[in-house]
file start-v2.cif (mmCIF, C-alpha atoms and all ligand atoms)
data_upload
loop_
_atom_site.label_atom_id
_atom_site.label_comp_id
_atom_site.auth_asym_id
_atom_site.auth_seq_id
_atom_site.Cartn_x
_atom_site.Cartn_y
_atom_site.Cartn_z
CA MET A 300 0.00 0.00 0.00
CA SER A 301 1.48 3.31 -1.06
CA GLY A 302 0.33 5.64 1.69
CA PRO A 303 -2.58 7.11 3.58
CA ASN A 304 -5.66 8.35 1.73
CA TYR A 305 -6.13 11.76 3.32
CA THR A 306 -9.08 12.71 1.10
CA GLN A 307 -10.95 9.64 2.27
CA ARG A 308 -10.15 10.39 5.91
CA ARG A 309 -11.50 13.93 5.53
CA SER A 310 -14.66 12.67 3.81
CA ARG A 311 -15.30 10.36 6.74
CA LEU A 312 -14.86 13.26 9.12
CA ILE A 313 -17.30 15.44 7.15
CA ARG A 314 -19.86 12.61 7.29
CA ALA A 315 -19.78 12.91 11.10
CA PHE A 316 -20.78 16.62 10.91
CA LYS A 317 -24.42 15.92 10.20
CA ALA A 318 -25.34 14.42 13.55
CA LEU A 319 -23.89 17.53 15.24
CA GLU A 320 -25.46 19.95 12.75
CA LEU A 321 -22.05 21.31 11.84
CA ASP A 322 -21.12 22.65 8.45
CA GLY A 323 -17.45 23.10 9.26
CA LEU A 324 -14.77 22.13 11.77
CA LEU A 325 -11.65 23.94 12.92
CA VAL A 326 -9.05 21.26 13.71
CA THR A 327 -6.34 22.48 16.08
CA GLY A 328 -4.93 19.23 17.49
CA GLU A 329 -1.51 18.62 15.92
CA SER A 330 -1.87 14.84 15.58
CA ASN A 331 -5.37 15.28 14.16
CA ILE A 332 -4.04 17.68 11.52
CA ARG A 333 -1.28 15.20 10.69
CA TYR A 334 -3.82 12.38 10.39
CA LEU A 335 -6.06 14.42 8.09
CA THR A 336 -3.39 16.02 5.87
CA GLY A 337 0.06 14.47 6.39
CA PHE A 338 1.42 17.84 7.61
CA THR A 339 4.05 17.33 10.32
CA GLY A 340 4.64 20.95 11.36
CA ASP A 341 3.13 22.91 14.22
CA SER A 342 1.52 26.33 14.83
CA SER A 343 -1.06 25.56 12.13
CA TRP A 344 -4.80 24.94 12.06
CA LEU A 345 -6.98 23.12 9.59
CA PHE A 346 -10.43 24.22 8.50
CA ILE A 347 -12.67 21.58 6.94
CA SER A 348 -16.11 21.88 5.41
CA SER A 349 -17.79 20.06 2.55
CA GLY A 350 -16.78 22.91 0.23
CA ALA A 351 -13.31 23.82 1.48
CA THR A 352 -10.27 22.34 3.16
CA VAL A 353 -7.72 24.97 4.14
CA LEU A 354 -4.51 24.56 6.10
CA ILE A 355 -3.89 27.82 7.98
CA SER A 356 -0.16 28.18 8.49
CA ASP A 357 2.73 30.62 8.15
CA SER A 358 5.61 31.19 5.78
CA ARG A 359 8.05 28.94 7.63
CA TYR A 360 6.02 26.01 6.33
CA THR A 361 5.27 27.01 2.73
CA THR A 362 7.71 24.53 1.16
CA GLN A 363 7.04 21.78 3.68
CA ILE A 364 3.29 21.97 3.07
CA ALA A 365 3.84 21.81 -0.70
CA ASN A 366 5.89 18.63 -0.17
CA GLU A 367 3.72 16.95 2.45
CA CYS A 368 0.22 17.99 1.38
CA SER A 369 0.27 18.57 -2.36
CA GLY A 370 -3.10 19.73 -3.67
CA LEU A 371 -4.30 21.08 -0.34
CA ASP A 372 -5.49 24.71 -0.18
CA VAL A 373 -3.32 26.75 2.14
CA ASP A 374 -3.70 30.09 3.81
CA ILE A 375 -0.23 31.39 4.59
CA ARG A 376 -0.27 34.37 6.93
CA ASP A 377 2.57 36.81 7.38
CA ALA A 378 4.09 37.88 10.68
CA ARG A 379 1.61 40.75 11.07
CA LYS A 380 -1.43 38.46 11.24
CA LEU A 381 -2.45 36.24 14.14
CA ILE A 382 -3.61 32.68 13.54
CA ASP A 383 -7.09 33.38 14.94
CA ASP A 384 -7.51 36.35 12.55
CA ALA A 385 -6.52 34.08 9.67
CA ALA A 386 -8.96 31.39 10.87
CA ALA A 387 -11.79 33.96 11.16
CA ASP A 388 -11.16 35.04 7.54
CA VAL A 389 -11.16 31.43 6.29
CA ILE A 390 -14.41 30.68 8.14
CA ARG A 391 -16.06 33.82 6.76
CA LYS A 392 -15.01 33.01 3.18
CA ALA A 393 -16.35 29.46 3.48
CA LYS A 394 -19.79 30.87 4.37
CA THR A 395 -20.25 28.27 7.09
CA LYS A 396 -22.69 28.96 9.93
CA HIS A 397 -22.08 26.29 12.57
CA VAL A 398 -18.39 25.65 12.99
CA GLY A 399 -17.11 23.10 15.44
CA PHE A 400 -13.86 23.52 17.33
CA GLU A 401 -11.87 20.87 19.19
CA ALA A 402 -12.52 21.62 22.85
CA SER A 403 -9.54 19.52 23.96
CA HIS A 404 -7.13 21.30 21.61
CA LEU A 405 -7.95 24.99 21.96
CA SER A 406 -6.91 27.07 24.93
CA VAL A 407 -9.41 29.23 26.78
CA ALA A 408 -7.53 32.32 25.53
CA GLN A 409 -7.59 31.12 21.91
CA HIS A 410 -11.28 30.35 22.18
CA ALA A 411 -12.07 33.79 23.62
CA ALA A 412 -10.14 35.44 20.79
CA LEU A 413 -11.93 33.38 18.15
CA VAL A 414 -15.36 34.19 19.59
CA THR A 415 -14.70 37.91 19.22
CA LYS A 416 -13.24 37.57 15.73
CA VAL A 417 -15.58 35.04 14.09
CA LYS A 418 -18.69 37.18 13.54
CA THR A 419 -20.22 35.10 10.76
CA ALA A 420 -20.65 31.69 12.45
CA ASP A 421 -21.45 30.06 15.78
CA LEU A 422 -18.58 28.19 17.36
CA VAL A 423 -19.63 24.80 18.70
CA ALA A 424 -17.52 22.74 21.10
CA THR A 425 -16.82 19.22 19.84
CA GLY A 426 -14.87 16.37 21.33
CA GLY A 427 -13.10 13.40 19.79
CA LEU A 428 -14.40 13.61 16.20
CA THR A 429 -11.06 12.93 14.53
CA GLU A 430 -9.89 10.84 17.48
CA ARG A 431 -12.83 8.53 16.88
CA LEU A 432 -11.73 7.99 13.26
CA ARG A 433 -8.17 7.33 14.42
CA GLU A 434 -9.29 4.47 16.66
CA VAL A 435 -9.55 2.09 13.70
CA LYS A 436 -6.27 1.78 11.85
CA ASP A 437 -6.08 1.22 8.10
CA LYS A 438 -3.73 -1.20 6.38
CA TRP A 439 -0.96 1.37 5.93
CA GLU A 440 -1.15 2.44 9.58
CA LEU A 441 -0.91 -1.18 10.69
CA GLU A 442 2.26 -1.57 8.61
CA GLN A 443 3.73 1.45 10.42
CA ILE A 444 2.77 0.09 13.84
CA ARG A 445 4.25 -3.33 13.00
CA ALA A 446 7.47 -1.55 11.98
CA ALA A 447 7.48 0.36 15.28
CA VAL A 448 7.04 -2.92 17.17
CA TYR A 449 9.92 -4.49 15.24
CA MET A 450 12.29 -1.59 16.01
CA ALA A 451 11.37 -1.69 19.71
CA GLU A 452 11.84 -5.45 19.94
CA ARG A 453 15.23 -5.38 18.23
CA GLY A 454 16.18 -2.56 20.61
CA ILE A 455 15.37 -4.45 23.79
CA GLY A 456 17.35 -7.41 22.43
CA VAL A 457 20.46 -5.24 22.46
CA VAL A 458 19.73 -4.04 26.00
CA ARG A 459 19.18 -7.53 27.30
CA SER A 460 22.28 -9.03 25.75
CA SER A 461 24.48 -6.20 27.04
CA LEU A 462 22.89 -5.85 30.50
CA GLN A 463 25.38 -5.52 33.38
CA PRO A 464 24.80 -5.31 37.16
CA ASP A 465 26.54 -1.93 37.41
CA GLN A 466 24.50 -0.22 34.69
CA THR A 467 22.21 2.60 35.82
CA GLU A 468 18.62 3.09 34.68
CA ARG A 469 19.76 6.10 32.66
CA GLU A 470 22.53 4.16 30.90
CA ILE A 471 20.06 1.45 29.95
CA ARG A 472 17.65 4.04 28.58
CA TYR A 473 20.42 5.52 26.46
CA ILE A 474 21.46 2.11 25.06
CA LEU A 475 17.81 1.30 24.31
CA GLU A 476 17.16 4.59 22.51
CA ALA A 477 20.34 4.33 20.46
CA ALA A 478 19.60 0.71 19.55
CA MET A 479 16.07 1.51 18.37
CA ARG A 480 17.40 4.36 16.24
CA SER A 481 20.03 2.03 14.78
CA PHE A 482 17.19 -0.26 13.65
CA GLY A 483 15.45 2.59 11.82
CA ALA A 484 13.40 4.34 14.48
CA ALA A 485 13.02 8.11 14.13
CA GLY A 486 12.97 8.28 17.90
CA THR A 487 11.32 6.79 20.93
CA GLY A 488 7.54 6.46 21.10
CA PHE A 489 7.72 8.21 24.49
CA GLU A 490 10.35 8.68 27.20
CA PRO A 491 11.24 5.08 28.09
CA ILE A 492 10.65 4.02 31.68
CA VAL A 493 13.58 2.07 33.14
CA GLY A 494 13.07 1.23 36.80
CA VAL A 495 15.07 -0.88 39.22
CA GLY A 496 13.28 -2.28 42.32
CA PRO A 497 11.50 0.56 44.18
CA THR A 498 11.57 2.70 41.00
CA ALA A 499 9.66 -0.05 39.19
CA ALA A 500 6.93 0.37 41.82
CA LEU A 501 6.24 3.84 40.37
CA PRO A 502 4.10 3.18 37.29
CA HIS A 503 5.47 6.24 35.44
CA ALA A 504 8.97 6.59 36.85
CA HIS A 505 11.79 8.41 35.11
CA ALA A 506 15.05 6.55 34.60
CA GLY A 507 17.45 7.65 37.34
CA ASP A 508 20.70 6.63 38.98
CA ARG A 509 19.71 3.29 40.47
CA ARG A 510 21.92 0.41 39.38
CA VAL A 511 20.63 -2.95 38.17
CA SER A 512 22.38 -4.70 41.08
CA GLU A 513 20.30 -2.79 43.67
CA SER A 514 17.32 -5.11 43.19
CA SER A 515 16.30 -8.28 41.39
CA ILE A 516 13.57 -6.46 39.47
CA LEU A 517 14.10 -4.30 36.39
CA LEU A 518 11.05 -2.86 34.63
CA VAL A 519 11.38 -1.41 31.13
CA ASP A 520 8.45 0.28 29.36
CA TRP A 521 9.51 1.41 25.92
CA GLY A 522 8.51 1.90 22.31
CA ALA A 523 9.83 3.18 19.02
CA ALA A 524 8.45 5.86 16.69
CA THR A 525 8.69 5.48 12.93
CA SER A 526 9.48 8.42 10.65
CA SER A 527 5.76 8.37 9.75
CA GLY A 528 4.98 9.12 13.40
CA TYR A 529 3.55 5.74 14.48
CA ARG A 530 4.50 4.19 17.78
CA SER A 531 4.78 0.97 19.73
CA ASP A 532 4.42 0.49 23.48
CA ILE A 533 5.76 -2.56 25.32
CA THR A 534 6.67 -3.38 28.94
CA ARG A 535 8.74 -6.24 30.25
CA THR A 536 9.83 -6.86 33.82
CA PHE A 537 13.17 -8.64 34.05
CA ILE A 538 14.47 -10.72 36.94
CA THR A 539 18.13 -9.79 37.35
CA GLY A 540 19.11 -11.64 40.50
CA LYS A 541 17.86 -13.88 43.31
CA PHE A 542 14.10 -13.58 43.41
CA THR A 543 11.74 -13.93 46.34
CA LYS A 544 8.59 -16.03 46.41
CA GLN A 545 6.59 -12.82 46.47
CA MET A 546 8.28 -11.57 43.30
CA ARG A 547 7.36 -14.77 41.51
CA THR A 548 3.76 -14.67 42.77
CA VAL A 549 3.34 -11.06 41.69
CA TYR A 550 4.85 -11.79 38.27
CA GLU A 551 2.70 -14.85 37.66
CA THR A 552 -0.42 -12.97 38.78
CA VAL A 553 0.23 -10.07 36.41
CA LEU A 554 0.97 -12.45 33.54
CA LYS A 555 -2.17 -14.47 34.16
CA ALA A 556 -4.28 -11.30 34.35
CA GLN A 557 -2.75 -10.08 31.10
CA GLN A 558 -3.15 -13.35 29.22
CA LYS A 559 -6.78 -13.84 30.28
CA ALA A 560 -7.62 -10.26 29.29
CA ILE A 561 -5.92 -10.64 25.90
CA ALA A 562 -7.85 -13.87 25.30
CA ALA A 563 -11.12 -11.90 25.62
CA ILE A 564 -10.21 -9.35 22.95
CA LYS A 565 -12.48 -9.59 19.92
CA PRO A 566 -14.91 -7.37 18.03
CA GLY A 567 -17.88 -6.45 20.23
CA ALA A 568 -16.05 -7.00 23.51
CA LYS A 569 -16.59 -4.10 25.88
CA CYS A 570 -13.40 -2.35 26.98
CA LYS A 571 -14.54 -2.30 30.59
CA ALA A 572 -15.32 -6.02 30.50
CA VAL A 573 -11.78 -6.82 29.29
CA ASP A 574 -10.40 -4.56 32.02
CA ALA A 575 -12.56 -6.34 34.61
CA ILE A 576 -11.11 -9.75 33.71
CA ALA A 577 -7.57 -8.65 34.57
CA ARG A 578 -8.68 -6.64 37.61
CA LYS A 579 -10.53 -9.60 39.08
CA ILE A 580 -7.55 -11.94 38.79
CA ILE A 581 -5.33 -9.38 40.52
CA ALA A 582 -7.97 -8.79 43.23
CA ASN A 583 -8.43 -12.51 43.85
CA ALA A 584 -4.69 -12.81 44.44
CA GLY A 585 -4.96 -10.08 47.09
CA PHE A 586 -3.32 -7.24 45.15
CA GLU A 587 -6.41 -5.18 44.27
CA LYS A 588 -5.16 -1.94 45.79
CA TYR A 589 -1.80 -2.26 44.05
CA PHE A 590 -3.26 -2.01 40.52
CA GLY A 591 -4.58 1.53 40.19
CA HIS A 592 -4.43 2.34 36.48
CA GLY A 593 -6.54 1.29 33.51
CA LEU A 594 -5.75 -1.94 31.68
CA GLY A 595 -4.58 -0.32 28.46
CA HIS A 596 -5.10 2.20 25.70
CA GLY A 597 -5.19 2.75 21.98
CA PHE A 598 -2.06 4.17 20.34
CA GLY A 599 -0.85 5.22 16.90
CA LEU A 600 0.33 8.74 16.06
CA GLN A 601 0.23 9.37 19.80
CA ILE A 602 1.20 7.02 22.57
CA HIS A 603 -2.13 7.37 24.33
CA GLU A 604 -5.16 7.50 22.06
CA SER A 605 -8.76 6.55 22.20
CA VAL A 606 -9.94 3.79 22.99
CA ARG A 607 -9.35 3.49 26.70
CA MET A 608 -9.33 0.03 28.24
CA SER A 609 -10.60 1.14 31.64
CA PRO A 610 -13.40 0.36 34.10
CA LEU A 611 -15.13 3.54 32.85
CA SER A 612 -15.09 2.73 29.14
CA GLU A 613 -18.42 1.60 27.70
CA GLN A 614 -16.87 1.37 24.23
CA GLU A 615 -16.80 -1.86 22.26
CA LEU A 616 -13.74 -3.09 20.40
CA GLU A 617 -13.84 -3.06 16.60
CA PRO A 618 -11.68 -4.74 13.96
CA GLY A 619 -8.66 -2.55 13.20
CA MET A 620 -8.30 -1.11 16.68
CA VAL A 621 -4.87 -1.53 18.25
CA VAL A 622 -4.67 -1.48 22.03
CA THR A 623 -2.19 -2.22 24.77
CA VAL A 624 -2.93 -4.67 27.56
CA GLU A 625 -0.75 -3.77 30.53
CA PRO A 626 -1.82 -4.83 34.00
CA GLY A 627 0.62 -4.20 36.82
CA ILE A 628 1.11 -4.71 40.54
CA TYR A 629 3.12 -2.04 42.36
CA LEU A 630 4.33 -2.61 45.91
CA PRO A 631 5.49 0.83 47.16
CA GLY A 632 9.10 0.97 48.27
CA LYS A 633 9.75 -2.59 47.10
CA PHE A 634 9.17 -3.34 43.44
CA GLY A 635 6.59 -3.37 40.67
CA VAL A 636 5.74 -5.74 37.84
CA ARG A 637 3.99 -4.73 34.61
CA ILE A 638 3.70 -6.73 31.40
CA GLU A 639 2.46 -4.89 28.31
CA ASP A 640 1.76 -6.09 24.80
CA ASP A 641 0.24 -4.54 21.67
CA ILE A 642 -2.92 -6.21 20.39
CA LEU A 643 -4.71 -5.80 17.06
CA VAL A 644 -8.45 -6.50 17.05
CA THR A 645 -9.11 -8.67 13.98
CA ASN A 646 -12.39 -9.64 12.28
CA ASP A 647 -12.72 -12.78 14.36
CA GLY A 648 -10.58 -12.16 17.43
CA HIS A 649 -7.18 -10.61 17.92
CA GLU A 650 -3.52 -10.78 16.95
CA VAL A 651 -0.71 -10.13 19.42
CA LEU A 652 1.70 -7.87 17.51
CA THR A 653 4.51 -8.09 20.07
CA SER A 654 6.64 -11.18 20.46
CA VAL A 655 9.23 -10.56 23.20
CA PRO A 656 8.92 -13.66 25.44
CA ARG A 657 6.95 -12.96 28.62
CA GLU A 658 6.91 -16.16 30.76
CA PHE A 659 8.60 -15.93 34.17
CA ASP A 660 11.53 -18.11 33.07
CA ASP A 661 11.99 -15.90 29.99
CA ALA A 662 12.28 -12.87 32.27
CA ILE A 663 15.30 -14.22 34.15
CA VAL A 664 18.43 -12.49 32.86
CA GLU A 665 21.85 -14.16 32.98
CA PHE A 666 24.71 -11.65 32.91
CA LEU A 667 27.61 -12.32 30.60
CA ALA A 668 30.82 -12.71 32.58
ZN ZN B 1 3.99 1.35 28.01
ZN ZN B 2 0.95 1.76 27.49
#

call {"tool": "encode", "arguments": {"input": "start-v2.cif", "output": "structure tokens", "more": "lines below"}}
Ligand code: ZN
Ligand code: ZN
result
Amino acid sequence: MSGPNYTQRRSRLIRAFKALELDGLLVTGESNIRYLTGFTGDSSWLFISSGATVLISDSRYTTQIANECSGLDVDIRDARKLIDDAAADVIRKAKTKHVGFEASHLSVAQHAALVTKVKTADLVATGGLTERLREVKDKWELEQIRAAVYMAERGIGVVRSSLQPDQTEREIRYILEAAMRSFGAAGTGFEPIVGVGPTAALPHAHAGDRRVSESSILLVDWGAATSSGYRSDITRTFITGKFTKQMRTVYETVLKAQQKAIAAIKPGAKCKAVDAIARKIIANAGFEKYFGHGLGHGFGLQIHESVRMSPLSEQELEPGMVVTVEPGIYLPGKFGVRIEDDILVTNDGHEVLTSVPREFDDAIVEFLA
């Protein structure tokens, strides 16, 4: 497949206007603009209606837009014009009356300015219109995500084979990032989490100065980003020394919760029901209060996207959605275990996109002498 069909994506977005009685939408979320046009710059807005699609940008991006979005109408403002003045002009010219804006991607100040400048249309708050389209990945997007998984998995292979007891969390993060880039990644999917022992008990810890030898638990949560902007998101917890019975119990509980939840992933499954499967296994083992976050999340151009795999999500899974499944148990001051894989919802079930081994025995690391 050659590349994304941006025209088709925009047509699908316009089809969603009707239910909200919109005749235009001002898209201000950067990833949404990228999804709808291919434009990778910032400080730009996109106006979409059935009659006009205009990328509102400035002269720094003239050439880039011509390269990335050929055929798209652009409104290039000069340094004397503010972006909200340019947007007001575009909205007026399009003769639209009910124009949606992305409530999650417009500041209160920007909104106030727009309200005073857009005299010809009502501004209507919308939420998640483009995000909803992005939940289901097309064939090209799945190729990008598979590539991001491959880069991440090759990267952790390098880390594992070169792991030493005296390495710090920060050194490991550096080796991991460099390795992923050497396998073609444009960067990391997010700041990798590398946590030894008590640091691993913090679900979103930053890599610090702890050395591998300070505990028998090493948690790594990492992913790669492709040059097309797509990401992967994986967690493995490694056993790097003598382990206690409790460590093994926690690990096996997390793994069981994860595997049972993954097994339930198929079209029509409710996100909260999948979450509940993992949560119940962890609760039955007595660790309920040590698993505080949701089970997983969609990802793609961003590391956290709709859908949410949480107790609050009434959404049902659909073919083409890609989600993480990442239960964890975190014992404050001691250690934490999380196991995270990337799952594609298929027409008749699911496919696990990630293949780094995850059984307890696989997690035991032998250091090279
Ligand atoms: Zn993760
Ligand atoms: Zn995640």

call {"tool": "residues_around", "arguments": {"input": "start-v2.cif", "residues": "Gln466 of chain A", "least_positions_apart": "6", "cutoff": "10 Å", "atoms": "all atoms listed in the file", "output": "PDB file with C-alpha atoms, in the frame of the given file"}}
result
ATOM      1  CA  ASP A 508      20.700   6.630  38.980  1.00  0.00           C
ATOM      2  CA  ARG A 509      19.710   3.290  40.470  1.00  0.00           C
ATOM      3  CA  ARG A 510      21.920   0.410  39.380  1.00  0.00           C
ATOM      4  CA  VAL A 511      20.630  -2.950  38.170  1.00  0.00           C
ATOM      5  CA  SER A 512      22.380  -4.700  41.080  1.00  0.00           C
TER       6      SER A 512
END

call {"tool": "residues_near_ligand", "arguments": {"input": "start-v2.cif", "ligand": "ligand ZN 1 (chain B)", "cutoff": "7 Å", "atoms": "all atoms listed in the file", "output": "PyMOL selection string"}}
result
chain A and resi 520-521+532-534+639

call {"tool": "closest_residue", "arguments": {"input": "start-v2.cif", "among": "A:His592, A:Arg637, A:His649, A:His404", "to": "Thr327 of chain A", "atoms": "only C-alpha atoms"}}
result
A:His404

call {"tool": "atom_distance", "arguments": {"input": "start-v2.cif", "atom1": "atom CA of Phe338 of chain A", "atom2": "atom CA of Gln409 of chain A"}}
result
21.5 Å

call {"tool": "residues_near_point", "arguments": {"input": "start-v2.cif", "point": "(-9.8, 27.4, 23.3)", "cutoff": "12 Å", "atoms": "only C-alpha atoms", "output": "list in words"}}
result
Leu325, Val326, Thr327, Gly328, Asp383, Gly399, Phe400, Glu401, Ala402, Ser403, His404, Leu405, Ser406, Val407, Ala408, Gln409, His410, Ala411, Ala412, Leu413, Val414, Leu422, Val423, Ala424 and Thr425 of chain A

call {"tool": "residues_near_point", "arguments": {"input": "start-v2.cif", "point": "(-3.7, -6.6, 28.1)", "cutoff": "12 Å", "atoms": "only C-alpha atoms", "output": "PyMOL selection string"}}
result
chain A and resi 532-534+553-564+570-578+593-597+607-609+621-627+637-643+649-653

call {"tool": "residues_around", "arguments": {"input": "start-v2.cif", "residues": "segment 535-550 of chain A", "least_positions_apart": "4", "cutoff": "9 Å", "atoms": "only C-alpha atoms", "output": "ChimeraX atom specification"}}
result
/A:464,499,511-512,514-521,554-555,581,584,586,627-628,634-640,655-666

call {"tool": "closest_residue", "arguments": {"input": "start-v2.cif", "among": "A:Phe346, A:Arg359, A:Lys436, A:Ala318", "to": "Pro303 of chain A", "atoms": "all atoms listed in the file"}}
result
A:Lys436
